[in-house]
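Below: input-v1.pdb (PDB, C-alpha atoms, pLDDT in the B column)
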ATOM      1  CA  MET S   1     -16.238   4.835 -18.692  1.00 60.00           C
ATOM      2  CA  ALA S   2     -15.746   1.156 -17.911  1.00 81.00           C
ATOM      3  CA  GLN S   3     -14.104   0.395 -14.564  1.00 93.00           C
ATOM      4  CA  LYS S   4     -10.367  -0.180 -14.937  1.00 96.00           C
ATOM      5  CA  LYS S   5      -8.770  -3.318 -13.552  1.00 98.00           C
ATOM      6  CA  LEU S   6      -5.435  -3.941 -11.842  1.00 98.00           C
ATOM      7  CA  ALA S   7      -4.053  -7.447 -11.385  1.00 98.00           C
ATOM      8  CA  ILE S   8      -1.028  -8.029  -9.152  1.00 98.00           C
ATOM      9  CA  ILE S   9       1.002 -11.155  -8.460  1.00 98.00           C
ATOM     10  CA  ALA S  10       2.740 -10.877  -5.073  1.00 98.00           C
ATOM     11  CA  THR S  11       5.596 -13.332  -4.699  1.00 98.00           C
ATOM     12  CA  LYS S  12       7.833 -11.878  -1.970  1.00 97.00           C
ATOM     13  CA  GLY S  13       7.476 -12.298   1.780  1.00 96.00           C
ATOM     14  CA  SER S  14       9.768  -9.680   3.281  1.00 96.00           C
ATOM     15  CA  LEU S  15       8.756  -6.401   4.907  1.00 96.00           C
ATOM     16  CA  ASP S  16      10.159  -4.191   2.140  1.00 95.00           C
ATOM     17  CA  TRP S  17       8.561  -6.211  -0.649  1.00 97.00           C
ATOM     18  CA  ALA S  18       5.240  -6.300   1.166  1.00 97.00           C
ATOM     19  CA  TYR S  19       4.679  -2.604   0.529  1.00 97.00           C
ATOM     20  CA  PRO S  20       4.390  -2.319  -3.275  1.00 97.00           C
ATOM     21  CA  PRO S  21       1.419  -4.692  -3.699  1.00 98.00           C
ATOM     22  CA  PHE S  22      -0.625  -3.178  -0.865  1.00 98.00           C
ATOM     23  CA  ILE S  23       0.239   0.466  -1.659  1.00 97.00           C
ATOM     24  CA  LEU S  24      -0.579   0.079  -5.340  1.00 98.00           C
ATOM     25  CA  ALA S  25      -3.699  -1.989  -4.709  1.00 98.00           C
ATOM     26  CA  SER S  26      -5.168   0.387  -2.111  1.00 97.00           C
ATOM     27  CA  THR S  27      -4.374   3.454  -4.218  1.00 97.00           C
ATOM     28  CA  ALA S  28      -5.807   1.919  -7.375  1.00 97.00           C
ATOM     29  CA  ALA S  29      -8.976   1.022  -5.467  1.00 96.00           C
ATOM     30  CA  ALA S  30      -9.216   4.644  -4.282  1.00 96.00           C
ATOM     31  CA  LEU S  31      -8.960   5.714  -7.915  1.00 96.00           C
ATOM     32  CA  GLY S  32     -11.860   3.462  -8.797  1.00 95.00           C
ATOM     33  CA  TYR S  33     -10.036   0.386 -10.084  1.00 97.00           C
ATOM     34  CA  GLU S  34     -11.240  -3.130  -9.488  1.00 97.00           C
ATOM     35  CA  VAL S  35      -8.218  -4.888  -7.964  1.00 98.00           C
ATOM     36  CA  GLN S  36      -7.133  -8.456  -7.371  1.00 98.00           C
ATOM     37  CA  ILE S  37      -3.876  -9.633  -5.820  1.00 98.00           C
ATOM     38  CA  PHE S  38      -2.765 -13.189  -6.377  1.00 98.00           C
ATOM     39  CA  PHE S  39      -0.386 -14.269  -3.585  1.00 97.00           C
ATOM     40  CA  THR S  40       1.970 -17.099  -4.369  1.00 97.00           C
ATOM     41  CA  PHE S  41       5.051 -18.659  -2.784  1.00 97.00           C
ATOM     42  CA  TYR S  42       6.571 -16.320  -0.168  1.00 97.00           C
ATOM     43  CA  GLY S  43       3.925 -13.721  -0.926  1.00 97.00           C
ATOM     44  CA  LEU S  44       1.554 -15.908   1.099  1.00 97.00           C
ATOM     45  CA  GLN S  45       3.260 -14.576   4.246  1.00 97.00           C
ATOM     46  CA  LEU S  46       1.544 -11.257   3.579  1.00 98.00           C
ATOM     47  CA  LEU S  47      -1.835 -12.859   4.218  1.00 97.00           C
ATOM     48  CA  LYS S  48      -1.012 -14.379   7.600  1.00 97.00           C
ATOM     49  CA  LYS S  49      -3.100 -13.239  10.584  1.00 95.00           C
ATOM     50  CA  ASN S  50      -0.004 -12.057  12.408  1.00 91.00           C
ATOM     51  CA  PRO S  51       2.555 -11.392   9.722  1.00 93.00           C
ATOM     52  CA  ASP S  52       6.056 -11.359  11.191  1.00 92.00           C
ATOM     53  CA  LEU S  53       7.725  -9.718   8.214  1.00 96.00           C
ATOM     54  CA  LYS S  54      11.395  -8.878   8.263  1.00 95.00           C
ATOM     55  CA  VAL S  55      13.849  -6.946   6.192  1.00 94.00           C
ATOM     56  CA  THR S  56      17.339  -8.296   5.682  1.00 91.00           C
ATOM     57  CA  PRO S  57      20.597  -6.511   4.838  1.00 88.00           C
ATOM     58  CA  LEU S  58      22.075  -9.851   3.723  1.00 89.00           C
ATOM     59  CA  GLY S  59      22.467  -9.998  -0.039  1.00 87.00           C
ATOM     60  CA  ASN S  60      20.832  -6.580  -0.266  1.00 87.00           C
ATOM     61  CA  PRO S  61      23.582  -4.126  -1.246  1.00 86.00           C
ATOM     62  CA  GLY S  62      21.087  -1.349  -1.958  1.00 87.00           C
ATOM     63  CA  MET S  63      19.768  -1.173   1.593  1.00 88.00           C
ATOM     64  CA  PRO S  64      20.702   2.099   3.293  1.00 87.00           C
ATOM     65  CA  MET S  65      21.814   1.677   6.909  1.00 84.00           C
ATOM     66  CA  PRO S  66      21.932   4.222   9.732  1.00 81.00           C
ATOM     67  CA  GLY S  67      24.951   6.532   9.444  1.00 85.00           C
ATOM     68  CA  GLY S  68      25.864   5.237   5.991  1.00 85.00           C
ATOM     69  CA  MET S  69      27.141   2.020   7.600  1.00 84.00           C
ATOM     70  CA  GLU S  70      26.485   0.085   4.400  1.00 83.00           C
ATOM     71  CA  ARG S  71      29.542   1.751   2.823  1.00 85.00           C
ATOM     72  CA  PHE S  72      32.074   0.055   5.055  1.00 85.00           C
ATOM     73  CA  MET S  73      30.282  -2.917   6.603  1.00 83.00           C
ATOM     74  CA  PRO S  74      31.698  -6.216   5.319  1.00 86.00           C
ATOM     75  CA  VAL S  75      29.019  -8.390   3.719  1.00 87.00           C
ATOM     76  CA  LEU S  76      29.783 -11.199   6.148  1.00 88.00           C
ATOM     77  CA  LEU S  77      28.769  -9.025   9.109  1.00 87.00           C
ATOM     78  CA  THR S  78      25.270  -8.648   7.675  1.00 87.00           C
ATOM     79  CA  ALA S  79      24.907 -12.400   8.199  1.00 89.00           C
ATOM     80  CA  LEU S  80      25.346 -12.156  11.978  1.00 89.00           C
ATOM     81  CA  PRO S  81      22.407 -13.672  13.873  1.00 85.00           C
ATOM     82  CA  PHE S  82      21.061 -10.444  15.348  1.00 91.00           C
ATOM     83  CA  MET S  83      21.473  -8.333  12.212  1.00 89.00           C
ATOM     84  CA  GLN S  84      18.115  -9.098  10.557  1.00 91.00           C
ATOM     85  CA  ARG S  85      16.214  -8.509  13.787  1.00 93.00           C
ATOM     86  CA  VAL S  86      17.980  -5.228  14.519  1.00 92.00           C
ATOM     87  CA  MET S  87      17.509  -3.945  10.962  1.00 92.00           C
ATOM     88  CA  THR S  88      13.823  -4.891  11.036  1.00 95.00           C
ATOM     89  CA  ILE S  89      13.274  -3.073  14.328  1.00 95.00           C
ATOM     90  CA  MET S  90      15.085   0.003  13.001  1.00 93.00           C
ATOM     91  CA  MET S  91      13.172  -0.035   9.731  1.00 94.00           C
ATOM     92  CA  LYS S  92       9.807  -0.318  11.496  1.00 95.00           C
ATOM     93  CA  ALA S  93      10.735   2.527  13.859  1.00 95.00           C
ATOM     94  CA  LYS S  94      11.744   4.709  10.927  1.00 93.00           C
ATOM     95  CA  MET S  95       8.552   3.951   9.043  1.00 94.00           C
ATOM     96  CA  LYS S  96       6.468   4.873  12.063  1.00 94.00           C
ATOM     97  CA  LYS S  97       8.382   8.124  12.500  1.00 94.00           C
ATOM     98  CA  LYS S  98       7.875   9.052   8.849  1.00 93.00           C
ATOM     99  CA  GLY S  99       4.149   8.334   8.887  1.00 93.00           C
ATOM    100  CA  VAL S 100       4.371   5.277   6.640  1.00 95.00           C
ATOM    101  CA  ALA S 101       1.441   2.947   7.207  1.00 94.00           C
ATOM    102  CA  SER S 102       2.009  -0.503   8.673  1.00 95.00           C
ATOM    103  CA  ILE S 103       1.428  -3.513   6.441  1.00 96.00           C
ATOM    104  CA  GLU S 104      -1.529  -4.559   8.586  1.00 96.00           C
ATOM    105  CA  GLU S 105      -3.086  -1.099   8.139  1.00 95.00           C
ATOM    106  CA  LEU S 106      -2.602  -1.041   4.368  1.00 96.00           C
ATOM    107  CA  ARG S 107      -3.930  -4.561   4.094  1.00 97.00           C
ATOM    108  CA  GLU S 108      -7.041  -3.602   6.032  1.00 95.00           C
ATOM    109  CA  LEU S 109      -7.530  -0.516   3.826  1.00 95.00           C
ATOM    110  CA  CYS S 110      -7.299  -2.783   0.780  1.00 97.00           C
ATOM    111  CA  GLN S 111      -9.986  -5.072   2.148  1.00 96.00           C
ATOM    112  CA  GLU S 112     -12.223  -2.140   3.051  1.00 93.00           C
ATOM    113  CA  ALA S 113     -11.888  -0.982  -0.554  1.00 93.00           C
ATOM    114  CA  GLU S 114     -12.903  -4.460  -1.761  1.00 95.00           C
ATOM    115  CA  VAL S 115      -9.514  -5.464  -3.143  1.00 97.00           C
ATOM    116  CA  LYS S 116      -9.756  -9.208  -3.663  1.00 97.00           C
ATOM    117  CA  PHE S 117      -7.007 -11.346  -2.111  1.00 98.00           C
ATOM    118  CA  ILE S 118      -6.406 -14.724  -3.717  1.00 97.00           C
ATOM    119  CA  ALA S 119      -4.018 -17.257  -2.217  1.00 97.00           C
ATOM    120  CA  CYS S 120      -2.386 -19.693  -4.621  1.00 96.00           C
ATOM    121  CA  GLN S 121      -3.846 -23.058  -3.665  1.00 95.00           C
ATOM    122  CA  MET S 122      -0.828 -24.961  -4.961  1.00 95.00           C
ATOM    123  CA  THR S 123       1.687 -23.113  -2.772  1.00 96.00           C
ATOM    124  CA  VAL S 124      -0.643 -23.230   0.239  1.00 95.00           C
ATOM    125  CA  ASP S 125      -0.583 -27.029  -0.126  1.00 94.00           C
ATOM    126  CA  LEU S 126       3.137 -27.109  -0.908  1.00 96.00           C
ATOM    127  CA  PHE S 127       4.029 -25.329   2.332  1.00 96.00           C
ATOM    128  CA  ASP S 128       1.391 -27.237   4.373  1.00 95.00           C
ATOM    129  CA  MET S 129      -0.228 -23.976   5.381  1.00 95.00           C
ATOM    130  CA  GLU S 130      -3.544 -24.063   7.236  1.00 93.00           C
ATOM    131  CA  PRO S 131      -6.336 -21.946   5.692  1.00 92.00           C
ATOM    132  CA  THR S 132      -7.046 -20.740   9.240  1.00 93.00           C
ATOM    133  CA  ALA S 133      -3.606 -19.100   9.382  1.00 94.00           C
ATOM    134  CA  PHE S 134      -4.812 -16.490   6.895  1.00 96.00           C
ATOM    135  CA  ILE S 135      -6.911 -13.402   7.500  1.00 97.00           C
ATOM    136  CA  PRO S 136     -10.654 -13.715   6.762  1.00 96.00           C
ATOM    137  CA  GLY S 137     -11.791 -12.893   3.250  1.00 95.00           C
ATOM    138  CA  VAL S 138      -8.958 -14.646   1.437  1.00 96.00           C
ATOM    139  CA  GLU S 139     -10.014 -16.801  -1.493  1.00 96.00           C
ATOM    140  CA  PHE S 140      -8.084 -19.847  -2.663  1.00 96.00           C
ATOM    141  CA  ALA S 141      -7.599 -20.517  -6.361  1.00 95.00           C
ATOM    142  CA  GLY S 142      -5.177 -21.459  -9.102  1.00 93.00           C
ATOM    143  CA  ALA S 143      -3.505 -19.964 -12.148  1.00 93.00           C
ATOM    144  CA  ALA S 144      -6.516 -20.308 -14.437  1.00 93.00           C
ATOM    145  CA  ALA S 145      -8.654 -18.306 -12.001  1.00 92.00           C
ATOM    146  CA  PHE S 146      -6.017 -15.583 -11.972  1.00 93.00           C
ATOM    147  CA  PHE S 147      -6.084 -15.334 -15.756  1.00 94.00           C
ATOM    148  CA  GLU S 148      -9.850 -15.006 -15.763  1.00 94.00           C
ATOM    149  CA  PHE S 149      -9.337 -11.621 -14.095  1.00 96.00           C
ATOM    150  CA  ALA S 150      -5.838 -10.710 -15.344  1.00 96.00           C
ATOM    151  CA  GLY S 151      -6.787 -11.436 -18.945  1.00 96.00           C
ATOM    152  CA  THR S 152      -9.213  -8.531 -18.899  1.00 96.00           C
ATOM    153  CA  SER S 153      -7.079  -6.233 -16.735  1.00 97.00           C
ATOM    154  CA  ASP S 154      -5.678  -2.878 -17.843  1.00 97.00           C
ATOM    155  CA  ILE S 155      -2.542  -3.195 -15.706  1.00 97.00           C
ATOM    156  CA  CYS S 156      -0.865  -6.413 -14.629  1.00 98.00           C
ATOM    157  CA  LEU S 157       2.119  -6.372 -12.260  1.00 98.00           C
ATOM    158  CA  TYR S 158       4.448  -9.094 -11.072  1.00 98.00           C
ATOM    159  CA  ILE S 159       5.982  -8.148  -7.752  1.00 97.00           C
TER
ATOM    160  CA  MET B   1     -11.240  28.626   2.596  1.00 71.00           C
ATOM    161  CA  ALA B   2     -14.893  27.594   2.604  1.00 88.00           C
ATOM    162  CA  HIS B   3     -15.444  23.890   2.938  1.00 92.00           C
ATOM    163  CA  ASP B   4     -17.909  21.322   4.265  1.00 95.00           C
ATOM    164  CA  GLN B   5     -15.422  18.879   5.785  1.00 95.00           C
ATOM    165  CA  GLU B   6     -11.812  19.002   6.869  1.00 96.00           C
ATOM    166  CA  LEU B   7      -9.274  16.184   6.891  1.00 97.00           C
ATOM    167  CA  ASP B   8      -5.936  16.644   8.602  1.00 97.00           C
ATOM    168  CA  ALA B   9      -3.490  14.148   7.078  1.00 96.00           C
ATOM    169  CA  SER B  10      -0.420  15.876   8.532  1.00 96.00           C
ATOM    170  CA  GLY B  11       2.436  13.500   9.275  1.00 94.00           C
ATOM    171  CA  LEU B  12       0.988  10.766   7.069  1.00 95.00           C
ATOM    172  CA  ASN B  13       2.925   9.449   4.120  1.00 94.00           C
ATOM    173  CA  CYS B  14       1.917   8.049   0.713  1.00 93.00           C
ATOM    174  CA  PRO B  15      -0.645   6.611   0.067  1.00 95.00           C
ATOM    175  CA  LEU B  16      -2.473   7.415   3.327  1.00 95.00           C
ATOM    176  CA  PRO B  17      -3.519  11.035   2.563  1.00 96.00           C
ATOM    177  CA  ILE B  18      -5.192   9.865  -0.666  1.00 96.00           C
ATOM    178  CA  LEU B  19      -6.821   6.851   0.974  1.00 95.00           C
ATOM    179  CA  ARG B  20      -8.177   8.940   3.869  1.00 95.00           C
ATOM    180  CA  ALA B  21      -9.426  11.598   1.447  1.00 96.00           C
ATOM    181  CA  LYS B  22     -11.193   8.989  -0.663  1.00 96.00           C
ATOM    182  CA  LYS B  23     -12.844   7.519   2.423  1.00 95.00           C
ATOM    183  CA  THR B  24     -14.015  10.941   3.599  1.00 96.00           C
ATOM    184  CA  LEU B  25     -15.323  11.849   0.123  1.00 96.00           C
ATOM    185  CA  ASN B  26     -17.314   8.606   0.039  1.00 94.00           C
ATOM    186  CA  ALA B  27     -19.435   9.891   2.909  1.00 95.00           C
ATOM    187  CA  MET B  28     -19.990  13.314   1.314  1.00 96.00           C
ATOM    188  CA  ALA B  29     -22.577  14.524  -1.202  1.00 96.00           C
ATOM    189  CA  ALA B  30     -21.775  15.702  -4.744  1.00 96.00           C
ATOM    190  CA  GLY B  31     -20.851  19.375  -4.795  1.00 96.00           C
ATOM    191  CA  GLN B  32     -19.583  19.398  -1.212  1.00 97.00           C
ATOM    192  CA  VAL B  33     -16.038  20.565  -0.600  1.00 97.00           C
ATOM    193  CA  LEU B  34     -13.329  18.708   1.325  1.00 97.00           C
ATOM    194  CA  HIS B  35     -10.336  20.555   2.721  1.00 97.00           C
ATOM    195  CA  VAL B  36      -7.295  18.282   3.070  1.00 97.00           C
ATOM    196  CA  ILE B  37      -4.188  19.320   4.995  1.00 97.00           C
ATOM    197  CA  ALA B  38      -1.024  17.293   4.362  1.00 97.00           C
ATOM    198  CA  THR B  39       2.710  17.461   4.974  1.00 96.00           C
ATOM    199  CA  ASP B  40       3.769  14.838   2.417  1.00 95.00           C
ATOM    200  CA  PRO B  41       5.384  16.770  -0.495  1.00 93.00           C
ATOM    201  CA  GLY B  42       4.324  13.955  -2.848  1.00 94.00           C
ATOM    202  CA  SER B  43       0.684  14.735  -2.109  1.00 95.00           C
ATOM    203  CA  VAL B  44       0.790  17.814  -4.406  1.00 96.00           C
ATOM    204  CA  ARG B  45       1.160  15.698  -7.523  1.00 95.00           C
ATOM    205  CA  ASP B  46      -0.952  12.909  -6.060  1.00 96.00           C
ATOM    206  CA  PHE B  47      -4.058  14.975  -5.322  1.00 97.00           C
ATOM    207  CA  ASP B  48      -3.898  16.467  -8.813  1.00 96.00           C
ATOM    208  CA  ALA B  49      -3.720  12.952 -10.288  1.00 95.00           C
ATOM    209  CA  PHE B  50      -6.398  11.688  -7.905  1.00 96.00           C
ATOM    210  CA  ALA B  51      -8.841  14.410  -8.986  1.00 96.00           C
ATOM    211  CA  LYS B  52      -8.188  13.824 -12.695  1.00 95.00           C
ATOM    212  CA  GLN B  53      -8.864  10.115 -12.381  1.00 95.00           C
ATOM    213  CA  THR B  54     -11.865  10.158 -10.086  1.00 95.00           C
ATOM    214  CA  GLY B  55     -14.056  12.944 -11.459  1.00 93.00           C
ATOM    215  CA  ASN B  56     -13.636  15.045  -8.338  1.00 96.00           C
ATOM    216  CA  VAL B  57     -12.411  18.593  -8.864  1.00 96.00           C
ATOM    217  CA  LEU B  58      -9.292  20.004  -7.258  1.00 97.00           C
ATOM    218  CA  THR B  59     -10.401  23.607  -6.859  1.00 96.00           C
ATOM    219  CA  ASP B  60      -7.374  24.771  -4.891  1.00 96.00           C
ATOM    220  CA  SER B  61      -3.892  23.479  -4.112  1.00 96.00           C
ATOM    221  CA  ARG B  62      -1.491  25.658  -2.155  1.00 96.00           C
ATOM    222  CA  GLU B  63       1.347  25.600   0.334  1.00 96.00           C
ATOM    223  CA  GLU B  64       0.751  27.614   3.457  1.00 93.00           C
ATOM    224  CA  GLY B  65       2.639  27.639   6.732  1.00 90.00           C
ATOM    225  CA  GLY B  66       4.790  24.679   5.694  1.00 91.00           C
ATOM    226  CA  LYS B  67       1.734  22.535   4.952  1.00 96.00           C
ATOM    227  CA  PHE B  68      -0.114  21.626   1.790  1.00 97.00           C
ATOM    228  CA  HIS B  69      -3.771  22.539   1.499  1.00 97.00           C
ATOM    229  CA  PHE B  70      -6.160  21.051  -1.018  1.00 97.00           C
ATOM    230  CA  LEU B  71      -9.795  21.848  -1.747  1.00 97.00           C
ATOM    231  CA  ILE B  72     -11.603  19.023  -3.452  1.00 97.00           C
ATOM    232  CA  THR B  73     -15.151  19.373  -4.732  1.00 97.00           C
ATOM    233  CA  LYS B  74     -16.863  16.044  -4.886  1.00 96.00           C
ATOM    234  CA  GLY B  75     -17.929  15.174  -8.442  1.00 91.00           C
TER
END
File written out as structure tokens:
Amino acid sequence: MAQKKLAIIATKGSLDWAYPPFILASTAAALGYEVQIFFTFYGLQLLKKNPDLKVTPLGNPGMPMPGGMERFMPVLLTALPFMQRVMTIMMKAKMKKKGVASIEELRELCQEAEVKFIACQMTVDLFDMEPTAFIPGVEFAGAAAFFEFAGTSDICLYI
Amino acid sequence: MAHDQELDASGLNCPLPILRAKKTLNAMAAGQVLHVIATDPGSVRDFDAFAKQTGNVLTDSREEGGKFHFLITKG
């Protein structure tokens, strides 16, 4: 049986959206898939050496809050300066308590399983990001390089 | 339950039990048996799916003492 391939485009740079690409990539690799993730725009944050990812309740009506607070909290309150920080701290604490892996851990497991990380060269340049800001092992390429792999993939996800 | 290696993934959530199991199986020989203990209820379906897709054999899957036990024979 030929090895299956999974191609993912990761475009989001918040803590909650960081999970799907790394969970799916690491699991697929464990199932024997060859996996590549193409990180573009805000998804590039997921490749930083010290990712400072946050989750925000602002403009996120589906986000459950402690004690069901989301049911009566006015939207404007979620814009208060401390809100994002507090929610991020609470979310990370909850994840730890429930045995959910950290992003750094999942990312490392992906690399151990030879998941290939590709940073979009165009957005790296656009945001004036230094290649040294990224973890080792990241490759830099463009859309055509992504299609070389994605064109032969069995599953292709845009996240 | 007779086994060659044991992996306690209690307290770990998806996808960590599968990833740890895969890593442990990598270091084992074909025919050897891995006993995985997990508390994640999702792991019941996941280990079944894992075995079907990887050529390893799930020889036993049961709940005992509030934990899930899996026996996986490396293929």
Using all atoms listed in the file and a cut-off of 8 Å, which residues of chain B sit close to chain S? Please list them as a PyMOL selection string.
chain B and resi 11-16+18-19+22+50+53-54
Exercise: Lys5 in chain S partners within 6 Å, all atoms listed in the file, chain neighbours under 4 positions left out, as a ChimeraX atom specification
/S:33-35,153-154
For CA of Val124 in chain S and CA of Val138 in chain S, determine how far apart the two atoms are, in Å to one decimal place.
12.0 Å
Any chance you could work out the residue set of the PyMOL selection byres ((chain S and resi 155) around 9) here, as number ranges by chain?
S: 4-8, 150, 153-154, 156-157
Keeping only C-alpha atoms, write the selected residues as a compact mmCIF listing (two decimals), keeping the file's coordinate frame.
# COMPACT_ATOMS: atom_id res chain seq x y z
CA LYS S 4 -10.37 -0.18 -14.94
CA LYS S 5 -8.77 -3.32 -13.55
CA LEU S 6 -5.44 -3.94 -11.84
CA ALA S 7 -4.05 -7.45 -11.38
CA ILE S 8 -1.03 -8.03 -9.15
CA ALA S 150 -5.84 -10.71 -15.34
CA SER S 153 -7.08 -6.23 -16.74
CA ASP S 154 -5.68 -2.88 -17.84
CA CYS S 156 -0.86 -6.41 -14.63
CA LEU S 157 2.12 -6.37 -12.26
Residue members of the PyMOL selection byres ((chain B and resi 61) around 7) in the file shown, as a VMD selection string:
chain B and resid 60 62 69 to 71
For CA of Ile72 in chain B and CA of Ala25 in chain S, determine how far apart the two atoms are, in Å to one decimal place.
22.5 Å
Box for range 24-39 of chain S - axis-aligned, 8 Å on each of the six sides, all listed atoms - centre and size in Å to one decimal, as JSON.
{"center_x": -6.1, "center_y": -4.3, "center_z": -6.1, "size_x": 27.5, "size_y": 36.0, "size_z": 24.0}
Close residues, Gly66 in chain B itself excluded, 12 Å, all atoms listed in the file, min 6 positions apart in chain, as a ChimeraX atom specification
/B:10-11,37-41
Could you please fill out range 36-55 of chain S with N, CA and C atoms and send it back as an mmCIF file, in the coordinates of the input?
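Just written: out.cif:
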data_model
loop_
_atom_site.group_PDB
_atom_site.id
_atom_site.type_symbol
_atom_site.label_atom_id
_atom_site.label_comp_id
_atom_site.auth_asym_id
_atom_site.auth_seq_id
_atom_site.Cartn_x
_atom_site.Cartn_y
_atom_site.Cartn_z
ATOM 1 N N GLN S 36 -7.363 -7.129 -7.946
ATOM 2 C CA GLN S 36 -7.133 -8.456 -7.371
ATOM 3 C C GLN S 36 -5.634 -8.649 -7.177
ATOM 4 N N ILE S 37 -5.281 -9.255 -6.036
ATOM 5 C CA ILE S 37 -3.876 -9.633 -5.820
ATOM 6 C C ILE S 37 -3.823 -11.148 -5.654
ATOM 7 N N PHE S 38 -2.965 -11.748 -6.444
ATOM 8 C CA PHE S 38 -2.765 -13.189 -6.377
ATOM 9 C C PHE S 38 -1.465 -13.429 -5.613
ATOM 10 N N PHE S 39 -1.558 -14.059 -4.442
ATOM 11 C CA PHE S 39 -0.386 -14.269 -3.585
ATOM 12 C C PHE S 39 0.139 -15.680 -3.778
ATOM 13 N N THR S 40 1.401 -15.775 -4.140
ATOM 14 C CA THR S 40 1.970 -17.099 -4.369
ATOM 15 C C THR S 40 3.354 -17.206 -3.723
ATOM 16 N N PHE S 41 3.782 -18.397 -3.483
ATOM 17 C CA PHE S 41 5.051 -18.659 -2.784
ATOM 18 C C PHE S 41 5.196 -17.767 -1.541
ATOM 19 N N TYR S 42 6.309 -17.051 -1.421
ATOM 20 C CA TYR S 42 6.571 -16.320 -0.168
ATOM 21 C C TYR S 42 5.605 -15.171 0.033
ATOM 22 N N GLY S 43 4.939 -14.771 -1.042
ATOM 23 C CA GLY S 43 3.925 -13.721 -0.926
ATOM 24 C C GLY S 43 2.794 -14.119 0.003
ATOM 25 N N LEU S 44 2.606 -15.433 0.199
ATOM 26 C CA LEU S 44 1.554 -15.908 1.099
ATOM 27 C C LEU S 44 1.744 -15.384 2.522
ATOM 28 N N GLN S 45 2.989 -15.105 2.894
ATOM 29 C CA GLN S 45 3.260 -14.576 4.246
ATOM 30 C C GLN S 45 2.496 -13.282 4.507
ATOM 31 N N LEU S 46 2.211 -12.550 3.437
ATOM 32 C CA LEU S 46 1.544 -11.257 3.579
ATOM 33 C C LEU S 46 0.080 -11.405 3.979
ATOM 34 N N LEU S 47 -0.425 -12.634 3.885
ATOM 35 C CA LEU S 47 -1.835 -12.859 4.218
ATOM 36 C C LEU S 47 -2.026 -13.482 5.594
ATOM 37 N N LYS S 48 -0.914 -13.752 6.286
ATOM 38 C CA LYS S 48 -1.012 -14.379 7.600
ATOM 39 C C LYS S 48 -1.690 -13.440 8.595
ATOM 40 N N LYS S 49 -2.399 -14.046 9.570
ATOM 41 C CA LYS S 49 -3.100 -13.239 10.584
ATOM 42 C C LYS S 49 -2.133 -12.342 11.338
ATOM 43 N N ASN S 50 -1.011 -12.880 11.743
ATOM 44 C CA ASN S 50 -0.004 -12.057 12.408
ATOM 45 C C ASN S 50 1.298 -12.117 11.617
ATOM 46 N N PRO S 51 1.374 -11.311 10.569
ATOM 47 C CA PRO S 51 2.555 -11.392 9.722
ATOM 48 C C PRO S 51 3.793 -10.901 10.481
ATOM 49 N N ASP S 52 4.813 -11.731 10.500
ATOM 50 C CA ASP S 52 6.056 -11.359 11.191
ATOM 51 C C ASP S 52 7.090 -11.100 10.097
ATOM 52 N N LEU S 53 6.894 -9.990 9.383
ATOM 53 C CA LEU S 53 7.725 -9.718 8.214
ATOM 54 C C LEU S 53 9.014 -9.039 8.623
ATOM 55 N N LYS S 54 10.080 -9.428 7.935
ATOM 56 C CA LYS S 54 11.395 -8.878 8.263
ATOM 57 C C LYS S 54 12.062 -8.319 7.014
ATOM 58 N N VAL S 55 13.040 -7.461 7.282
ATOM 59 C CA VAL S 55 13.849 -6.946 6.192
ATOM 60 C C VAL S 55 15.274 -7.403 6.478
#
